[in-house]
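Asker: Quick one: the structure is below, and I'll ask about it shortly.
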Amino acid sequence: MKYDAIIIGSGQGGNPLAYRLADLGWSVALIEKKNLGGTCINVGCTPTKTMVHRAQVAHYARNASRWGLNASNVVVDLAKIVAQKDEVVLSFRSGHQKQVDKRTNLRLHRGHARFVVPHQLKVGDDLLESEKIFIDTGGRPTTPAIPGLETVPYLTNESAMQLTTLPEHLLVLGAGYIGMEFGQMFRRFGSRVTVLHTGKQIVSREDPEAAAELQKALEAEGIRFLLGTRTTRIEFKNGAVTLSLESPAGSSSVTGSHLLVATGRSPNTNDLGLDKAGIETDQSGYIKVNGRLETNVPGVWALGDCKGGPAFTHISYNDFQIVYGNLVEGKNLSIENRLVPSCIFTDPQLGGVGMTEKEARAKGFKLKIGRCPMAYVARAIERGETAGLMKIVVDASNDRVLGASILASEGGELVQILGTLILANQPYTLLKGAVYIHPTLAEGFFALMEDVKPVD
């Protein structure tokens with residue numbers, strides 16, 4: 001079967017590309033071996049944030065007295081929460097099915113795709129070919145090489161969201177985005193939570209000041225952190241998981257009822273037959289692409305997590321925008337130097353955009369820095385949610401914003417305002433004299449901009 005385009009994977013890059021190309025009249029094959037919607041809808045953003053929200057409601061109810069309210073007998077019905085999460089996922093997934101069904105020139109092939117030659121793929125017994133192939137196969141949880149792990153019924157972010165009985169004591173291996181969001185979520189549901197991490201800082205890629213404040217907020221909720229700790233062995237005995245640990249303080253161990261492994265993700269590229277097509281990957285299996293997302297094989301592109309880089313849904317969608325813009329609209333778009341905002345959906349949220357102070361210093365910039373604790377922001381005080389801070393990093397030579405980190409109850413929303421300032425290539429002083437709605441969290445930018453000053 002010959003097609004104008006073949007798209008492998010129905011994630012947040014592949015789906016919109018399939019729809020748009022089909023709407024142009026192209027014959028399009030969309031290949032999916034699991035569920036429509038990819039990681040985000042099925043096992044990533046959509047289900048996780050649905051459950052994180054329920055955990056926040058539980059937290060508010062359990063701590064109602066903090067806001068002068070009385071609530072008693074707060075009980076988390078985890079099975080009901082999981083059912084609600086599944087309902088949301090199914091609604092999103094069925095929405096994609098409707099999009100596929102209404103396009104007669106878009107054919108959905110169910111099965112696993114493998115390259116036969118550069119522009120031919122086999123899916124089951126079907127042989128598909130096209131001069132234009134787009135790979136959007138996403139990623140999966142990484143399994144670390146720790147002795148004994150293979151004998152333990154450990155959880156990943158995917159399987160943890162299927163639990164209907166609350167873990168008594170959840171051990172979380174890894175202090176990245178997934179570890180922090182799931183750790184706080186299960187703590188708020190009622191589990192004891194211990195987080196183990198080899199590094200000395202949680203969410204190691206983020207600004208150290210913001211990360212330290214986030215850790216403090218999570219510790220205040222009862223989460224225990226064992227940082228700078230290496231897990232040397234894992235055992236499962238009598239229904240409990242025991243981790244043997246090594247740290248500068250010596251050897252020790254910790255035991256819990258469940259283990260969540262959140263040590264990173266790997267690309268779904270190892271069984272695509274990329275070698276048959278001559279498509280190059282790096283040592284970790286990520287597909288190599290140029291700035292236009294083209295592989296070394298002409299007519300083959302890679303989008304989303306399988307190509308490496310920031311593993312965010314909004315990046316996958318932007319990959320689609322770049323490919324479509326270049327291929328159909330005659331633009332010259334590139335992934336190089338694109339501004340990538342991000343957010344860790346803990347409470348408070350940690351939003352970031354651009355460079356951290358450490359990254360800016362490493363690149364040799366002379367800096368101005370501004371800080372504003374959320375305890376200074378009227379709206380945060382009124383809500384009784386003053387944990388966190390705002391921080392802005394400025395190029396001292398021209399007052400352009402290089403980056404920002406905002407740890408606040410709506411840090412992800414707030415940081416995008418500063419991201420817009422970066423995109424517009426405007427100085428931070430543009431916001432220094434702005435009028436802000438009172439009382440809003442964004443009003444804190446007034447104090448933040450006033451605090452900007454040169455640093456050594």
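Every chain in the structure tokens has a letter given in the order shown (A, B, ...), and although residue numbers restart at 1 in each chain, ligands are simply numbered from 1 in the order shown.
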Quick one: everything within 9 Å of Ile287 in chain A, counting only C-alpha atoms, minus sequence neighbours fewer than 6 positions away in the same chain. Send it as a PyMOL selection string.

Answerer: chain A and resi 267+269+279-281+295+302+306-308

Asker: Using only C-alpha atoms, which residues sit within 9 Å of Ser204 in chain A once same-chain residues fewer than 6 positions away are excluded, as a count of residues only?

Answerer: 3

Asker: Determine, using only C-alpha atoms, which residues of range 90-193 of chain A have any atom at most 10 Å from an atom of range 227-239 of chain A, and tabulate each with its shortest atom pair and distance in Å to one decimal place, rows ordered by chain and then rising number, as CSV.

Answerer:
```
residue,atom,partner,partner_atom,distance
A:Ala145,CA,A:Thr232,CA,9.6
A:Ile146,CA,A:Arg233,CA,6.0
A:Pro147,CA,A:Arg233,CA,5.0
A:Gly148,CA,A:Ile234,CA,4.8
A:Leu149,CA,A:Ile234,CA,5.6
A:Glu150,CA,A:Ile234,CA,8.9
A:Thr151,CA,A:Phe236,CA,7.1
A:Val152,CA,A:Phe236,CA,5.7
A:Pro153,CA,A:Phe236,CA,8.2
A:Tyr154,CA,A:Phe236,CA,9.7
A:Leu173,CA,A:Thr231,CA,8.6
A:Gly174,CA,A:Leu227,CA,9.5
A:Ala175,CA,A:Leu227,CA,8.8
```

Asker: Nearest residue to Leu36 in chain A out of A:His314, A:Lys98, A:Arg383, A:His119, using only C-alpha atoms?

Answerer: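 The shortest atom-to-atom distance to Leu36 in chain A comes from A:Lys98.
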
Asker: For Val340 in chain A, work out the shell of residues within 12 Å, counting only C-alpha atoms and skipping chain neighbours fewer than 6 positions away, then give it as a list in words.

Answerer: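 Those residues are Gly309, Pro310, Ala311, Phe312, Thr313, His314, Ile315, Ser316, Asn318, Asp319, Gly351, Gly352, Val353, Gly354, Met355, Gly403, Ala404, Val415, Gln416, Leu418, Gly419, Thr420, Ile422 and Leu423 of chain A.
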
Asker: Enumerate the residues of range 238-438 of chain A with a DSSP assignment of alpha helix (DSSP H), computed from the backbone, and present them as a PyMOL selection string.

Answerer: chain A and resi 274-277+313-327+357-362+378-383+411-423+429-432

Asker: For the atom pair CA of Arg93 in chain A and CA of Asn42 in chain A, what is the interatomic distance in Å to one decimal place?

Answerer: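 About the pair CA of Arg93 in chain A and CA of Asn42 in chain A: they are 7.6 Å apart.
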